[in-house]
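S.K.: I have a structure I would like to understand better, so I am pasting it below and will then ask my questions one at a time.
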Amino acid sequence: LFCLNSKYLKMISHHSLLAAAFFCFPLAAQEPSLQEQLQDVAEQFVYNQLVIDPTTQVEITAEKIDNRRQLHECSGHLTASVANDEIKRRTTVKLSCSQEPVWETYVPVRVRILKPVVTVSVPVSKETSLTADMLRVDFVDEQQLRGDVFADMTPLIGTRSRRELRPGQPVRQTQICVVCRGDTVQIEAATPAIAIRTEGRALQDGSFGDTVRVENVRSHRIISATVVAIGQVRVKL
């Protein structure tokens with residue numbers, strides 16, 4: 001018999017797993033099968049090598065081990081390792097049993113890191129003001145993410161779509177205007193000593209961080225300003 005029952009494996013702390021070079025894993029010749037328990041060991045080993053951002057999700061899936069392999073229960077130490085201690089999207093875990101007759105097997109493991117991304121939950125037509133009930137946060141494979149997307153829906157509420165958006169589609173900076181052409185905006189100009197605010201009119205669409213042309217409604221002077229929030233732009237003095 002192995003040292004611990006595999007159902008307790010996930011209770012072992014991340015630090016304790018990393019601290020040891022060898023692990024004493026419990027595997028019993030019952031349901032689940034030995035091969036399935038080895039898959040679980042491989043998945044747990046990979047999981048405990050990862051440094052995971054608390055805002056993300058991770059999916060770890062071990063491929064099935066051929067049940068025709070002549071593997072026996074390991075009453076000694078079962079070692080788990082990966083080449084160069086580097087975890088990739090596709091990683092092979094080597095499991096070795098030191099109990100006679102010794103054996104080793106290689107378990108391919110797939111790792112997916114899922115990032116939070118704001119998507120639209122309903123069809124959104126062009127020039128529609130986005131509301132909270134139009135948005136949701138989905139978790140998407142980071143390899144599929146392209147361009148500027150949002151992890152938090154809060155700054156998007158009140159922005160306007162620049163094109164049609166489909167349900168499930170990530171909202172990107174280029175698809176919205178935070179300040180839209182013709183909008184009345186507040187122009188801010190500040191130094192460490194003074195702060196000036198005046199009213200302006202946006203002459204073009206802009207998203208967060210974009211530079212847009214704005215007309216000062218008092219002086220009618222046209223300036224370039226940076227979009228910082230809905231209805232708010234900033235210039236440097």
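Following the order of the structure tokens, first chain is A, next is B, and so on, with residues numbered from 1 inside each chain and ligands from 1 in the order they appear.
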Could you name the residues that touch Phe139 of chain A at 7 Å or less, counting only C-alpha atoms, but leaving out those on the same chain fewer than 2 positions away, as a VMD selection string?
M.R.: chain A and resid 114 to 117 137 141
S.K.: Give one line per residue of segment 113-159 of chain A that approaches segment 174-182 of chain A to at most 12 Å, naming the two atoms of the closest pair and their distance in Å to one decimal, counting only C-alpha atoms; sort by chain then ascending residue number and deliver it as JSON lines.
M.R.:
{"residue": "A:Thr119", "atom": "CA", "partner": "A:Gln175", "partner_atom": "CA", "distance": 11.8}
{"residue": "A:Val120", "atom": "CA", "partner": "A:Gln175", "partner_atom": "CA", "distance": 11.8}
{"residue": "A:Val124", "atom": "CA", "partner": "A:Gln175", "partner_atom": "CA", "distance": 11.2}
{"residue": "A:Ser125", "atom": "CA", "partner": "A:Gln175", "partner_atom": "CA", "distance": 11.4}
{"residue": "A:Lys126", "atom": "CA", "partner": "A:Ile176", "partner_atom": "CA", "distance": 9.4}
{"residue": "A:Glu127", "atom": "CA", "partner": "A:Ile176", "partner_atom": "CA", "distance": 8.6}
{"residue": "A:Thr128", "atom": "CA", "partner": "A:Ile176", "partner_atom": "CA", "distance": 9.5}
{"residue": "A:Ser129", "atom": "CA", "partner": "A:Ile176", "partner_atom": "CA", "distance": 9.3}
{"residue": "A:Leu130", "atom": "CA", "partner": "A:Ile176", "partner_atom": "CA", "distance": 9.2}
{"residue": "A:Arg146", "atom": "CA", "partner": "A:Thr174", "partner_atom": "CA", "distance": 11.9}
{"residue": "A:Gly147", "atom": "CA", "partner": "A:Thr174", "partner_atom": "CA", "distance": 8.8}
{"residue": "A:Asp148", "atom": "CA", "partner": "A:Thr174", "partner_atom": "CA", "distance": 7.8}
{"residue": "A:Val149", "atom": "CA", "partner": "A:Thr174", "partner_atom": "CA", "distance": 9.3}
{"residue": "A:Phe150", "atom": "CA", "partner": "A:Thr174", "partner_atom": "CA", "distance": 11.6}
{"residue": "A:Pro155", "atom": "CA", "partner": "A:Val178", "partner_atom": "CA", "distance": 9.2}
{"residue": "A:Leu156", "atom": "CA", "partner": "A:Val178", "partner_atom": "CA", "distance": 8.1}
{"residue": "A:Ile157", "atom": "CA", "partner": "A:Val178", "partner_atom": "CA", "distance": 9.6}
{"residue": "A:Gly158", "atom": "CA", "partner": "A:Val178", "partner_atom": "CA", "distance": 7.9}
{"residue": "A:Thr159", "atom": "CA", "partner": "A:Val178", "partner_atom": "CA", "distance": 5.0}
S.K.: When you count only C-alpha atoms, which of these residues is closest to Val93 of chain A: A:Ile187, A:Leu38, A:Leu165, A:Leu50?
M.R.: A:Leu38
S.K.: Quick one: of A:Asp40, A:Glu199, A:Glu104, A:Glu86, who's nearest to His72 of chain A, counting only C-alpha atoms?
M.R.: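 Distance minimum relative to His72 of chain A lands on A:Glu104.
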